[in-house]
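Trainee: My structure file run_4.txt, compact mmCIF, C-alpha atoms, is below:
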```txt
# COMPACT_ATOMS: atom_id res chain seq x y z
CA MET A 151 -19.40 22.59 -5.47
CA SER A 152 -20.74 20.03 -7.88
CA LEU A 153 -19.19 16.62 -8.31
CA ARG A 154 -18.47 17.34 -11.96
CA SER A 155 -16.23 20.14 -13.11
CA THR A 156 -17.71 23.27 -14.69
CA THR A 157 -16.24 25.52 -17.36
CA GLU A 158 -15.09 27.82 -14.52
CA ALA A 159 -13.71 25.42 -11.91
CA TRP A 160 -12.74 21.88 -11.10
CA GLY A 161 -15.49 19.72 -9.58
CA ALA A 162 -15.38 18.06 -6.19
CA LEU A 163 -14.24 14.69 -7.51
CA ALA A 164 -11.36 16.17 -9.51
CA ARG A 165 -10.24 18.08 -6.41
CA VAL A 166 -10.52 15.00 -4.18
CA PHE A 167 -8.36 13.06 -6.65
CA HIS A 168 -5.86 15.91 -6.89
CA TRP A 169 -5.40 16.68 -3.21
CA GLY A 170 -6.07 13.20 -1.88
CA MET A 171 -3.40 11.72 -4.12
CA PHE A 172 -1.04 14.57 -3.30
CA VAL A 173 -1.29 13.78 0.41
CA LEU A 174 -0.88 10.03 -0.18
CA PHE A 175 2.09 10.50 -2.54
CA ALA A 176 3.76 12.84 -0.06
CA GLY A 177 3.31 10.15 2.58
CA LEU A 178 4.61 7.40 0.29
CA ILE A 179 7.69 9.37 -0.67
CA GLY A 180 8.42 10.29 2.94
CA VAL A 181 7.97 6.71 4.14
CA GLY A 182 9.87 5.44 1.10
CA TYR A 183 13.01 7.42 1.90
CA TYR A 184 12.73 6.57 5.57
CA MET A 185 12.20 2.83 5.25
CA VAL A 186 15.07 1.97 2.90
CA ASP A 187 17.72 2.75 5.50
CA LEU A 188 16.07 0.84 8.36
CA PRO A 189 17.94 -2.20 9.67
CA LEU A 190 16.19 -5.49 8.98
CA SER A 191 13.36 -6.14 11.42
CA ALA A 192 9.74 -7.26 11.47
CA ALA A 193 8.78 -3.58 11.79
CA LYS A 194 10.67 -2.78 8.58
CA MET A 195 8.76 -5.50 6.75
CA LYS A 196 5.48 -4.08 8.05
CA ILE A 197 6.39 -0.58 6.87
CA TYR A 198 7.31 -1.95 3.45
CA ALA A 199 4.02 -3.84 3.32
CA LEU A 200 2.16 -0.60 4.10
CA HIS A 201 4.10 1.35 1.45
CA LYS A 202 3.30 -1.33 -1.13
CA SER A 203 -0.37 -1.53 -0.11
CA VAL A 204 -0.87 2.23 -0.43
CA GLY A 205 1.08 2.16 -3.69
CA VAL A 206 -1.38 -0.34 -5.11
CA VAL A 207 -4.21 1.96 -3.99
CA MET A 208 -2.54 4.77 -5.91
CA LEU A 209 -2.40 2.68 -9.05
CA VAL A 210 -6.13 2.05 -8.79
CA LEU A 211 -6.80 5.72 -8.03
CA VAL A 212 -4.85 7.02 -11.03
CA VAL A 213 -6.73 4.65 -13.34
CA LEU A 214 -10.06 5.84 -11.89
CA ARG A 215 -8.87 9.42 -12.13
CA LEU A 216 -7.93 9.07 -15.79
CA PHE A 217 -11.29 7.49 -16.47
CA TRP A 218 -13.09 10.32 -14.69
CA ARG A 219 -11.01 12.85 -16.60
CA THR A 220 -12.25 11.45 -19.92
CA ILE A 221 -15.93 11.81 -18.98
CA ASP A 222 -15.69 14.97 -16.88
CA ARG A 223 -15.79 18.54 -18.23
CA ARG A 224 -12.66 20.64 -18.01
CA PRO A 225 -12.47 24.29 -16.97
CA ALA A 226 -11.51 26.62 -19.78
CA SER A 227 -7.85 27.57 -19.73
CA GLU A 228 -7.00 31.00 -18.33
CA PRO A 229 -5.46 33.35 -20.89
CA MET A 230 -1.80 32.50 -21.23
CA SER A 231 0.91 32.41 -23.83
CA VAL A 232 1.21 29.48 -26.21
CA TRP A 233 4.45 28.18 -24.67
CA GLN A 234 2.87 28.25 -21.23
CA HIS A 235 -0.08 26.35 -22.51
CA TYR A 236 2.11 23.64 -24.05
CA ALA A 237 4.35 23.52 -20.98
CA ALA A 238 1.25 22.90 -18.88
CA VAL A 239 0.13 20.09 -21.19
CA VAL A 240 3.57 18.47 -21.05
CA ALA A 241 3.61 18.74 -17.26
CA VAL A 242 0.17 17.15 -16.94
CA VAL A 243 1.08 14.29 -19.28
CA ALA A 244 4.33 13.77 -17.36
CA LEU A 245 2.49 13.78 -14.03
CA TYR A 246 -0.02 11.16 -15.15
CA ALA A 247 2.73 9.03 -16.73
CA LEU A 248 4.72 9.18 -13.49
CA MET A 249 1.66 8.34 -11.40
CA LEU A 250 1.49 5.12 -13.43
CA VAL A 251 5.22 4.43 -13.58
CA LEU A 252 5.78 4.87 -9.85
CA PRO A 253 3.51 2.06 -8.59
CA LEU A 254 4.23 -0.19 -11.58
CA SER A 255 8.01 0.10 -11.21
CA GLY A 256 7.64 -0.57 -7.47
CA TRP A 257 5.55 -3.64 -8.19
CA ALA A 258 8.07 -4.81 -10.82
CA TYR A 259 10.93 -4.33 -8.36
CA ASN A 260 9.04 -6.27 -5.72
CA SER A 261 8.37 -9.11 -8.16
CA ALA A 262 11.90 -9.21 -9.56
CA ALA A 263 13.25 -9.38 -6.01
CA GLY A 264 10.94 -12.26 -5.18
CA PHE A 265 9.22 -10.44 -2.32
CA PRO A 266 5.61 -11.21 -1.45
CA LEU A 267 2.94 -8.59 -2.12
CA ARG A 268 0.39 -8.71 0.65
CA TRP A 269 -2.26 -6.01 0.35
CA PHE A 270 -3.20 -4.63 3.82
CA ASN A 271 -2.90 -8.15 5.24
CA LEU A 272 -6.07 -9.04 3.31
CA ALA A 273 -4.98 -10.61 0.05
CA ASN A 274 -1.87 -11.51 -1.90
CA LEU A 275 -1.39 -9.94 -5.30
CA PRO A 276 0.37 -11.76 -8.12
CA ALA A 277 3.93 -11.02 -9.15
CA LEU A 278 4.45 -9.16 -12.42
CA MET A 279 7.34 -11.48 -13.24
CA ALA A 280 9.30 -14.38 -11.89
CA PRO A 281 12.21 -13.46 -9.59
CA ALA A 282 14.89 -11.96 -11.85
CA PRO A 283 18.13 -10.67 -10.28
CA ALA A 284 19.09 -8.91 -13.53
CA LEU A 285 15.86 -6.90 -13.69
CA LYS A 286 15.75 -6.23 -9.97
CA ALA A 287 18.43 -3.53 -9.95
CA TRP A 288 16.96 -1.98 -13.06
CA ALA A 289 13.45 -1.81 -11.60
CA LYS A 290 14.80 -0.41 -8.33
CA SER A 291 16.59 2.42 -10.17
CA ALA A 292 13.48 3.10 -12.24
CA HIS A 293 11.37 3.35 -9.07
CA GLU A 294 13.84 5.70 -7.37
CA MET A 295 14.39 7.86 -10.44
CA ALA A 296 10.65 8.08 -11.11
CA ALA A 297 10.21 9.39 -7.55
CA VAL A 298 12.85 12.07 -8.03
CA VAL A 299 11.46 13.15 -11.42
CA PHE A 300 7.93 13.10 -10.00
CA MET A 301 8.90 15.40 -7.14
CA SER A 302 10.65 17.74 -9.58
CA VAL A 303 7.67 17.96 -11.93
CA ILE A 304 5.33 18.50 -8.95
CA GLY A 305 7.63 21.31 -7.86
CA VAL A 306 7.47 22.97 -11.28
CA HIS A 307 3.68 22.40 -11.39
CA ALA A 308 3.25 24.02 -7.96
CA LEU A 309 5.52 26.96 -8.82
CA ALA A 310 3.58 27.52 -12.02
CA ALA A 311 0.32 27.53 -10.07
CA LEU A 312 1.75 30.05 -7.61
CA LYS A 313 3.05 32.20 -10.47
CA HIS A 314 -0.43 32.26 -12.00
CA HIS A 315 -1.91 33.22 -8.66
CA PHE A 316 0.51 35.92 -7.48
CA TRP A 317 2.03 37.21 -10.71
CA ASP A 318 -0.72 36.83 -13.31
CA LYS A 319 -3.44 37.14 -10.65
CA ASP A 320 -5.66 34.71 -12.54
CA ARG A 321 -7.85 31.92 -11.17
CA THR A 322 -5.75 28.89 -12.19
CA LEU A 323 -4.91 28.05 -8.56
CA LEU A 324 -8.22 29.14 -7.02
CA ARG A 325 -10.30 26.81 -9.13
CA MET A 326 -8.37 23.78 -7.80
CA LEU A 327 -7.99 24.75 -4.14
CA PRO A 328 -9.87 22.31 -1.93
CA TRP A 329 -11.68 24.93 0.16
CA ARG A 330 -12.62 27.40 -2.58
CA LYS A 331 -15.80 27.27 -4.56
CA GLY A 332 -13.82 28.73 -7.41
CA THR A 333 -16.88 29.91 -9.30
CA HIS A 334 -16.46 33.55 -8.44
CA MET B 50 47.06 -39.87 20.27
CA ARG B 51 44.25 -40.02 22.79
CA ARG B 52 42.07 -38.08 20.38
CA PHE B 53 42.86 -40.64 17.70
CA ILE B 54 41.77 -43.50 19.96
CA VAL B 55 38.52 -41.74 20.83
CA LEU B 56 37.90 -41.15 17.12
CA ALA B 57 38.66 -44.77 16.27
CA LEU B 58 36.33 -45.96 19.02
CA ALA B 59 33.61 -43.62 17.84
CA CYS B 60 33.95 -44.88 14.30
CA GLY B 61 33.84 -48.46 15.53
CA VAL B 62 30.65 -47.78 17.49
CA ALA B 63 29.06 -46.02 14.52
CA ALA B 64 29.97 -48.86 12.20
CA ALA B 65 28.58 -51.42 14.60
CA ALA B 66 25.31 -49.54 15.00
CA ALA B 67 24.86 -49.12 11.29
CA GLY B 68 24.72 -52.74 10.31
CA ALA B 69 22.57 -51.91 7.33
CA PRO B 70 24.25 -50.92 4.05
CA THR B 71 25.19 -47.28 3.74
CA TYR B 72 23.94 -45.63 0.58
CA PRO B 73 26.03 -42.79 -0.83
CA VAL B 74 23.97 -39.73 -1.70
CA ALA B 75 24.03 -39.10 -5.45
CA ALA B 76 23.36 -36.16 -7.74
CA GLY B 77 19.74 -35.09 -8.10
CA SER B 78 19.13 -35.12 -4.37
CA THR B 79 17.46 -32.13 -2.75
CA LEU B 80 16.94 -31.00 0.81
CA GLN B 81 14.35 -28.24 0.82
CA PHE B 82 11.80 -26.51 2.99
CA GLN B 83 8.71 -24.54 2.22
CA GLY B 84 7.83 -21.56 4.37
CA THR B 85 5.27 -18.78 4.17
CA GLN B 86 6.14 -15.10 4.14
CA GLN B 87 3.32 -12.58 4.28
CA GLY B 88 0.88 -15.13 2.95
CA GLU B 89 3.12 -16.24 0.11
CA LYS B 90 4.88 -19.59 -0.04
CA PHE B 91 8.58 -19.81 -0.80
CA VAL B 92 11.01 -22.69 -1.08
CA GLY B 93 14.49 -22.71 0.36
CA ALA B 94 17.16 -25.31 -0.38
CA VAL B 95 20.04 -26.38 1.81
CA ARG B 96 22.79 -26.59 -0.79
CA SER B 97 25.40 -28.34 1.32
CA TYR B 98 24.72 -31.23 3.64
CA ASP B 99 26.24 -34.53 4.58
CA ALA B 100 23.86 -37.49 4.83
CA LYS B 101 24.81 -40.95 6.01
CA ILE B 102 21.90 -43.18 5.09
CA ALA B 103 22.19 -46.73 6.33
CA PHE B 104 18.94 -48.53 5.85
CA ASP B 105 17.80 -52.10 5.61
CA PRO B 106 14.09 -52.85 5.88
CA ALA B 107 15.00 -56.22 7.36
CA ASP B 108 17.37 -54.76 9.90
CA THR B 109 15.88 -51.55 11.26
CA ALA B 110 17.89 -51.93 14.44
CA GLY B 111 21.04 -51.67 12.36
CA SER B 112 19.68 -48.78 10.28
CA ALA B 113 20.50 -45.15 10.94
CA PHE B 114 20.26 -41.77 9.25
CA ASP B 115 22.79 -39.21 10.29
CA VAL B 116 22.51 -35.89 8.50
CA SER B 117 24.25 -32.60 9.12
CA MET B 118 23.20 -29.51 7.21
CA GLN B 119 25.28 -26.40 6.51
CA LEU B 120 22.71 -23.70 7.19
CA LYS B 121 24.92 -21.01 5.68
CA THR B 122 24.18 -22.57 2.30
CA ILE B 123 20.43 -21.94 2.41
CA ASP B 124 19.19 -20.51 -0.88
CA SER B 125 15.61 -19.25 -1.13
CA LYS B 126 15.96 -17.23 -4.36
CA SER B 127 16.00 -13.95 -2.44
CA PRO B 128 19.33 -12.52 -1.24
CA GLU B 129 17.53 -10.34 1.32
CA ARG B 130 15.64 -13.27 2.82
CA ASP B 131 18.72 -15.52 2.75
CA GLN B 132 20.70 -12.86 4.59
CA ALA B 133 17.93 -12.44 7.14
CA MET B 134 17.87 -16.17 7.82
CA GLN B 135 21.52 -16.06 8.88
CA THR B 136 20.90 -13.50 11.63
CA VAL B 137 20.55 -14.01 15.38
CA ASP B 138 16.74 -13.85 15.18
CA TRP B 139 16.63 -16.79 12.77
CA PHE B 140 19.20 -19.57 12.33
CA ASP B 141 22.00 -17.57 13.97
CA THR B 142 24.53 -19.42 11.84
CA ALA B 143 27.44 -17.52 13.37
CA HIS B 144 26.83 -19.58 16.50
CA PHE B 145 24.95 -22.56 15.07
CA PRO B 146 26.23 -23.26 11.55
CA LEU B 147 24.95 -26.84 11.55
CA ALA B 148 21.58 -28.48 11.93
CA THR B 149 21.67 -32.20 12.63
CA PHE B 150 19.23 -35.03 12.21
CA ARG B 151 19.81 -38.42 13.80
CA THR B 152 17.41 -41.32 13.81
CA VAL B 153 16.71 -43.24 16.99
CA ALA B 154 14.31 -45.95 15.83
CA PHE B 155 12.42 -47.10 12.76
CA ARG B 156 8.99 -48.63 12.35
CA SER B 157 7.02 -49.53 9.26
CA ALA B 158 3.85 -47.54 8.56
CA GLY B 159 1.50 -48.26 5.68
CA THR B 160 3.44 -48.25 2.45
CA GLY B 161 6.46 -46.58 4.01
CA TRP B 162 8.38 -46.07 7.21
CA VAL B 163 8.53 -43.73 10.14
CA ALA B 164 11.76 -42.84 11.87
CA ASP B 165 11.84 -41.33 15.31
CA ALA B 166 14.63 -38.85 15.10
CA ASP B 167 16.34 -36.07 16.99
CA LEU B 168 16.41 -32.87 15.00
CA SER B 169 18.72 -30.15 16.29
CA ILE B 170 18.50 -26.61 15.02
CA LYS B 171 19.96 -23.55 16.70
CA GLY B 172 21.01 -25.60 19.70
CA ARG B 173 17.54 -26.98 20.35
CA THR B 174 16.80 -30.64 19.93
CA LYS B 175 13.37 -32.06 19.33
CA ARG B 176 12.30 -35.65 18.87
CA ILE B 177 10.23 -35.80 15.70
CA ALA B 178 8.40 -38.48 13.75
CA PHE B 179 9.86 -38.61 10.26
CA PRO B 180 7.66 -40.49 7.77
CA PHE B 181 9.44 -41.51 4.59
CA GLN B 182 9.27 -43.71 1.53
CA PHE B 183 12.25 -45.86 0.66
CA GLN B 184 12.21 -47.37 -2.82
CA LYS B 185 14.93 -49.60 -4.16
CA THR B 186 15.91 -48.80 -7.73
CA THR B 187 18.20 -50.47 -10.23
CA SER B 188 20.96 -48.04 -9.34
CA GLY B 189 20.39 -47.88 -5.59
CA ALA B 190 17.39 -46.36 -3.88
CA VAL B 191 15.28 -43.22 -3.58
CA LEU B 192 14.23 -41.76 -0.25
CA ASP B 193 11.36 -39.27 -0.15
CA ALA B 194 9.97 -37.51 2.89
CA LYS B 195 7.79 -34.59 3.79
CA VAL B 196 7.47 -33.46 7.37
CA ALA B 197 5.88 -30.38 8.92
CA LEU B 198 7.67 -28.49 11.67
CA ASP B 199 6.83 -25.52 13.86
CA ARG B 200 9.64 -22.98 13.54
CA LEU B 201 9.00 -21.73 17.09
CA ASP B 202 9.97 -25.16 18.47
CA PHE B 203 13.51 -24.30 17.44
CA GLY B 204 13.49 -20.65 18.45
CA LEU B 205 13.43 -19.49 14.83
CA GLY B 206 12.00 -16.00 14.61
CA ALA B 207 10.85 -15.43 18.15
CA GLY B 208 9.97 -12.03 19.62
CA GLU B 209 8.95 -9.46 17.03
CA TRP B 210 9.04 -12.14 14.31
CA ALA B 211 6.63 -14.47 16.14
CA ASP B 212 3.63 -13.17 14.16
CA ASP B 213 2.27 -16.11 12.15
CA SER B 214 0.86 -13.85 9.41
CA MET B 215 4.28 -12.30 8.81
CA VAL B 216 6.24 -15.53 8.65
CA GLY B 217 4.23 -18.74 8.94
CA HIS B 218 4.96 -20.94 11.96
CA ARG B 219 4.46 -24.08 9.92
CA VAL B 220 7.38 -25.08 7.74
CA GLU B 221 7.40 -28.16 5.56
CA VAL B 222 10.64 -29.99 5.00
CA TRP B 223 10.99 -31.84 1.73
CA VAL B 224 13.63 -34.51 1.37
CA HIS B 225 14.42 -36.21 -1.91
CA LEU B 226 17.55 -38.32 -1.77
CA VAL B 227 18.80 -40.21 -4.79
CA LEU B 228 20.97 -42.97 -3.37
CA ALA B 229 23.66 -44.88 -5.18
CA ALA B 230 24.23 -48.57 -4.57
CA PRO B 231 25.90 -49.34 -1.23
CA ALA B 232 29.57 -50.20 -1.23
CA VAL B 233 30.20 -53.83 -2.14
CA SER B 234 32.04 -54.71 1.09
CA SER B 235 29.03 -53.67 3.13
CA ALA B 236 26.70 -55.76 1.00
CA ALA B 237 29.05 -58.73 1.10
CA THR B 238 28.93 -58.89 4.87
CA LYS B 239 25.13 -58.81 4.70
CA PRO B 240 23.98 -61.50 2.31
CA GLN B 241 20.31 -60.81 3.05
CA THR B 242 20.75 -57.20 1.97
CA LYS B 243 22.41 -58.22 -1.23
CA ALA B 244 19.46 -60.44 -2.00
CA ALA B 245 17.10 -57.59 -1.22
CA ALA B 246 19.01 -55.28 -3.53
CA GLN B 247 18.66 -57.72 -6.38
CA ARG B 248 15.02 -58.42 -5.82
CA PRO B 249 13.08 -57.35 -8.90
CA ARG B 250 10.73 -54.43 -8.27
```
Translate the structure of the given file into structure tokens.
Mentor:
Amino acid sequence: MSLRSTTEAWGALARVFHWGMFVLFAGLIGVGYYMVDLPLSAAKMKIYALHKSVGVVMLVLVVLRLFWRTIDRRPASEPMSVWQHYAAVVAVVALYALMLVLPLSGWAYNSAAGFPLRWFNLANLPALMAPAPALKAWAKSAHEMAAVVFMSVIGVHALAALKHHFWDKDRTLLRMLPWRKGTH
Amino acid sequence: MRRFIVLALACGVAAAAAGAPTYPVAAGSTLQFQGTQQGEKFVGAVRSYDAKIAFDPADTAGSAFDVSMQLKTIDSKSPERDQAMQTVDWFDTAHFPLATFRTVAFRSAGTGWVADADLSIKGRTKRIAFPFQFQKTTSGAVLDAKVALDRLDFGLGAGEWADDSMVGHRVEVWVHLVLAAPAVSSAATKPQTKAAAQRPR
């Protein structure tokens, strides 16, 4: 599998971005729902710090991924109806938008709440804004809602991929699977 | 009745010890501390405190600072952090609502002064050196001080919170007291102080 995508299948880098970020987002969402209900403790602060640190990594990854997407080739679309094609485009745009909104809304919430942002105990990152109680609740809701919408769109995206694989029996799923060459 | 006598005696003793004029604390005064959380500095303010500042550079033996701080009024611009500070692991204000600061002796140092004082937080008392500047002004005086403390000396955030990189051990206390002119009666009984108060700066 080449690093770049071909007209038949996604390249190695596109697949690493896709599946690597899927695993990390799954972890972030799992940890995110777990950590909010913990009673206050030093351990809770450490878990939050980890969630934030990985979230910042995701922000960097999605920027790199978008950059790579602009210079990489793209496999030709499998035959599908026009509405399916547009639905897929909308889903992809939504997914990228959410991948940006999720870390940014988390960062904004953190800043509005006046919490520190220590990245893997290595460096402190600046706040996006001065502590603002009025914006804090808003940013928190945005972060939570973005997570719910993100999971929903991922669900639709995954179901669509499975539908292409089992119903249409085309190669939409195969050409993105991490262990498949996807070229034949 | 007996309680009243004890109180009267206590007041008498306090008045005798504080021969220096007592300056009422005026608006614009702040009692703050700067801590570090996960590598980031934050400032907390004690909103409510009671400070008796009796000071006379010429009569340090008769001078005394007696401060009590309502730790439930700490405001660090983060409701979560403020709530955490009230818990058993930190100030434990349910059991120790007050921190107290009482001077024992004064000595001059450079351009300012140093007070040896007993600082009590969370039931632990430590003798600290408290360097401060005391400047007479036309309306009274201004007292400024900055002193570094180790939070672990007072059992603040022990156990799982002891990690210095999570919450810094070193905490700086910043005192800025704007003091009004002492009551006239006090000055009248101390002619030398009155003269000092009128000395041009």
Trainee: Distance limit 7 Å, atoms considered: only C-alpha atoms. Which chain B residues sit that close to chain A? Return them as an NGL selection string.
Mentor: :B and (86-89 or 127 or 209-210)
Trainee: Dump C-alpha atoms for the selected residues as a PDB file, keeping the file's coordinate frame?
Mentor:
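Saved file out24.pdb follows:
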```pdb
ATOM      1  CA  GLN B  86       6.140 -15.100   4.140  1.00  0.00           C
ATOM      2  CA  GLN B  87       3.320 -12.580   4.280  1.00  0.00           C
ATOM      3  CA  GLY B  88       0.880 -15.130   2.950  1.00  0.00           C
ATOM      4  CA  GLU B  89       3.120 -16.240   0.110  1.00  0.00           C
ATOM      5  CA  SER B 127      16.000 -13.950  -2.440  1.00  0.00           C
ATOM      6  CA  GLU B 209       8.950  -9.460  17.030  1.00  0.00           C
ATOM      7  CA  TRP B 210       9.040 -12.140  14.310  1.00  0.00           C
TER       8      TRP B 210
END
```
Trainee: Rounded to one decimal, what separation in Å do you get between CA of Ala297 in chain A and CA of Met326 in chain A?
Mentor: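 Distance between the two atoms: 23.5 Å.
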Trainee: Residues near Arg154 in chain A, anyone? I mean within 7 Å using all atoms listed in the file, not counting same-chain ones fewer than 5 positions away, as a VMD selection string.
Mentor: chain A and resid 161 to 163 222 to 223
Trainee: Can you work out which one of A:Ser231, A:Thr157, A:Ser152, A:Ser302 has the shortest atom-to-atom distance to Leu248 in chain A, counting only C-alpha atoms?
Mentor: A:Ser302
Trainee: Excluding Leu209 in chain A and its own-chain neighbours fewer than 4 positions away, which residues fall within 12 Å of it when counting all atoms listed in the file? Please give them as a list in words.
Mentor: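 That gives Met171, Leu174, Phe175, Lys202, Ser203, Val204, Gly205, Val213, Leu214, Arg215, Leu216, Tyr246, Ala247, Leu248, Met249, Leu250, Val251, Leu252, Pro253, Leu254, Ser255, Gly256 and Trp257 of chain A.
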Trainee: Neighbours of Gly93 in chain B within 9 Å (only C-alpha atoms; same-chain residues fewer than 2 positions away dropped), as number ranges by chain?
Mentor: B: 80-84, 91, 95, 123-126, 131
Trainee: Kindly export the residues of the current selection with C-alpha atoms, as a compact mmCIF listing (two decimals), in the frame of the given file.
Mentor:
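The resulting file, out_25.txt, is reproduced below:
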```txt
# COMPACT_ATOMS: atom_id res chain seq x y z
CA LEU B 80 16.94 -31.00 0.81
CA GLN B 81 14.35 -28.24 0.82
CA PHE B 82 11.80 -26.51 2.99
CA GLN B 83 8.71 -24.54 2.22
CA GLY B 84 7.83 -21.56 4.37
CA PHE B 91 8.58 -19.81 -0.80
CA VAL B 95 20.04 -26.38 1.81
CA ILE B 123 20.43 -21.94 2.41
CA ASP B 124 19.19 -20.51 -0.88
CA SER B 125 15.61 -19.25 -1.13
CA LYS B 126 15.96 -17.23 -4.36
CA ASP B 131 18.72 -15.52 2.75
```
Trainee: Kindly extract all protein, DNA and RNA residues lying within 12 Å of the coordinates (19.9, -31.1, 12.2) given in the file, considering only C-alpha atoms, and supply them as number ranges by chain.
Mentor: B: 80, 95, 98-100, 114-120, 140, 145-152, 166-177, 203, 222
Trainee: Since we have the selection now, will you write its residues out, keeping C-alpha atoms, as a PDB file, in the coordinates of the input?
Mentor:
```pdb
ATOM      1  CA  LEU B  80      16.940 -31.000   0.810  1.00  0.00           C
ATOM      2  CA  VAL B  95      20.040 -26.380   1.810  1.00  0.00           C
ATOM      3  CA  TYR B  98      24.720 -31.230   3.640  1.00  0.00           C
ATOM      4  CA  ASP B  99      26.240 -34.530   4.580  1.00  0.00           C
ATOM      5  CA  ALA B 100      23.860 -37.490   4.830  1.00  0.00           C
ATOM      6  CA  PHE B 114      20.260 -41.770   9.250  1.00  0.00           C
ATOM      7  CA  ASP B 115      22.790 -39.210  10.290  1.00  0.00           C
ATOM      8  CA  VAL B 116      22.510 -35.890   8.500  1.00  0.00           C
ATOM      9  CA  SER B 117      24.250 -32.600   9.120  1.00  0.00           C
ATOM     10  CA  MET B 118      23.200 -29.510   7.210  1.00  0.00           C
ATOM     11  CA  GLN B 119      25.280 -26.400   6.510  1.00  0.00           C
ATOM     12  CA  LEU B 120      22.710 -23.700   7.190  1.00  0.00           C
ATOM     13  CA  PHE B 140      19.200 -19.570  12.330  1.00  0.00           C
ATOM     14  CA  PHE B 145      24.950 -22.560  15.070  1.00  0.00           C
ATOM     15  CA  PRO B 146      26.230 -23.260  11.550  1.00  0.00           C
ATOM     16  CA  LEU B 147      24.950 -26.840  11.550  1.00  0.00           C
ATOM     17  CA  ALA B 148      21.580 -28.480  11.930  1.00  0.00           C
ATOM     18  CA  THR B 149      21.670 -32.200  12.630  1.00  0.00           C
ATOM     19  CA  PHE B 150      19.230 -35.030  12.210  1.00  0.00           C
ATOM     20  CA  ARG B 151      19.810 -38.420  13.800  1.00  0.00           C
ATOM     21  CA  THR B 152      17.410 -41.320  13.810  1.00  0.00           C
ATOM     22  CA  ALA B 166      14.630 -38.850  15.100  1.00  0.00           C
ATOM     23  CA  ASP B 167      16.340 -36.070  16.990  1.00  0.00           C
ATOM     24  CA  LEU B 168      16.410 -32.870  15.000  1.00  0.00           C
ATOM     25  CA  SER B 169      18.720 -30.150  16.290  1.00  0.00           C
ATOM     26  CA  ILE B 170      18.500 -26.610  15.020  1.00  0.00           C
ATOM     27  CA  LYS B 171      19.960 -23.550  16.700  1.00  0.00           C
ATOM     28  CA  GLY B 172      21.010 -25.600  19.700  1.00  0.00           C
ATOM     29  CA  ARG B 173      17.540 -26.980  20.350  1.00  0.00           C
ATOM     30  CA  THR B 174      16.800 -30.640  19.930  1.00  0.00           C
ATOM     31  CA  LYS B 175      13.370 -32.060  19.330  1.00  0.00           C
ATOM     32  CA  ARG B 176      12.300 -35.650  18.870  1.00  0.00           C
ATOM     33  CA  ILE B 177      10.230 -35.800  15.700  1.00  0.00           C
ATOM     34  CA  PHE B 203      13.510 -24.300  17.440  1.00  0.00           C
ATOM     35  CA  VAL B 222      10.640 -29.990   5.000  1.00  0.00           C
TER      36      VAL B 222
END
```
Trainee: Using only C-alpha atoms, which of B:Lys101, B:Pro106, B:Arg219, B:Arg96 sits nearest Pro73 in chain B?
Mentor: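 Smallest distance to Pro73 in chain B is found for B:Lys101.
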Trainee: Which residues come within 12 Å of Leu312 in chain A, counting only C-alpha atoms, excluding same-chain residues fewer than 5 positions away, as a ChimeraX atom specification?
Mentor: /A:305-307,317-324,326-327
Trainee: Extract, using only C-alpha atoms, all DNA, RNA and protein residues at most 12 Å from Phe172 in chain A, discarding same-chain residues fewer than 2 positions from it, and format them as an MDAnalysis selection string.
Mentor: chainID A and resid 165:170 174:179 208 211:212 245 249 300:301 304:305 308 328
Trainee: Kindly save the residues from that selection, with C-alpha atoms included, as a CSV table (one decimal), in the coordinates of the input.
Mentor:
```csv
chain,number,residue,atom,x,y,z
A,165,ARG,CA,-10.2,18.1,-6.4
A,166,VAL,CA,-10.5,15.0,-4.2
A,167,PHE,CA,-8.4,13.1,-6.6
A,168,HIS,CA,-5.9,15.9,-6.9
A,169,TRP,CA,-5.4,16.7,-3.2
A,170,GLY,CA,-6.1,13.2,-1.9
A,174,LEU,CA,-0.9,10.0,-0.2
A,175,PHE,CA,2.1,10.5,-2.5
A,176,ALA,CA,3.8,12.8,-0.1
A,177,GLY,CA,3.3,10.2,2.6
A,178,LEU,CA,4.6,7.4,0.3
A,179,ILE,CA,7.7,9.4,-0.7
A,208,MET,CA,-2.5,4.8,-5.9
A,211,LEU,CA,-6.8,5.7,-8.0
A,212,VAL,CA,-4.8,7.0,-11.0
A,245,LEU,CA,2.5,13.8,-14.0
A,249,MET,CA,1.7,8.3,-11.4
A,300,PHE,CA,7.9,13.1,-10.0
A,301,MET,CA,8.9,15.4,-7.1
A,304,ILE,CA,5.3,18.5,-9.0
A,305,GLY,CA,7.6,21.3,-7.9
A,308,ALA,CA,3.2,24.0,-8.0
A,328,PRO,CA,-9.9,22.3,-1.9
```
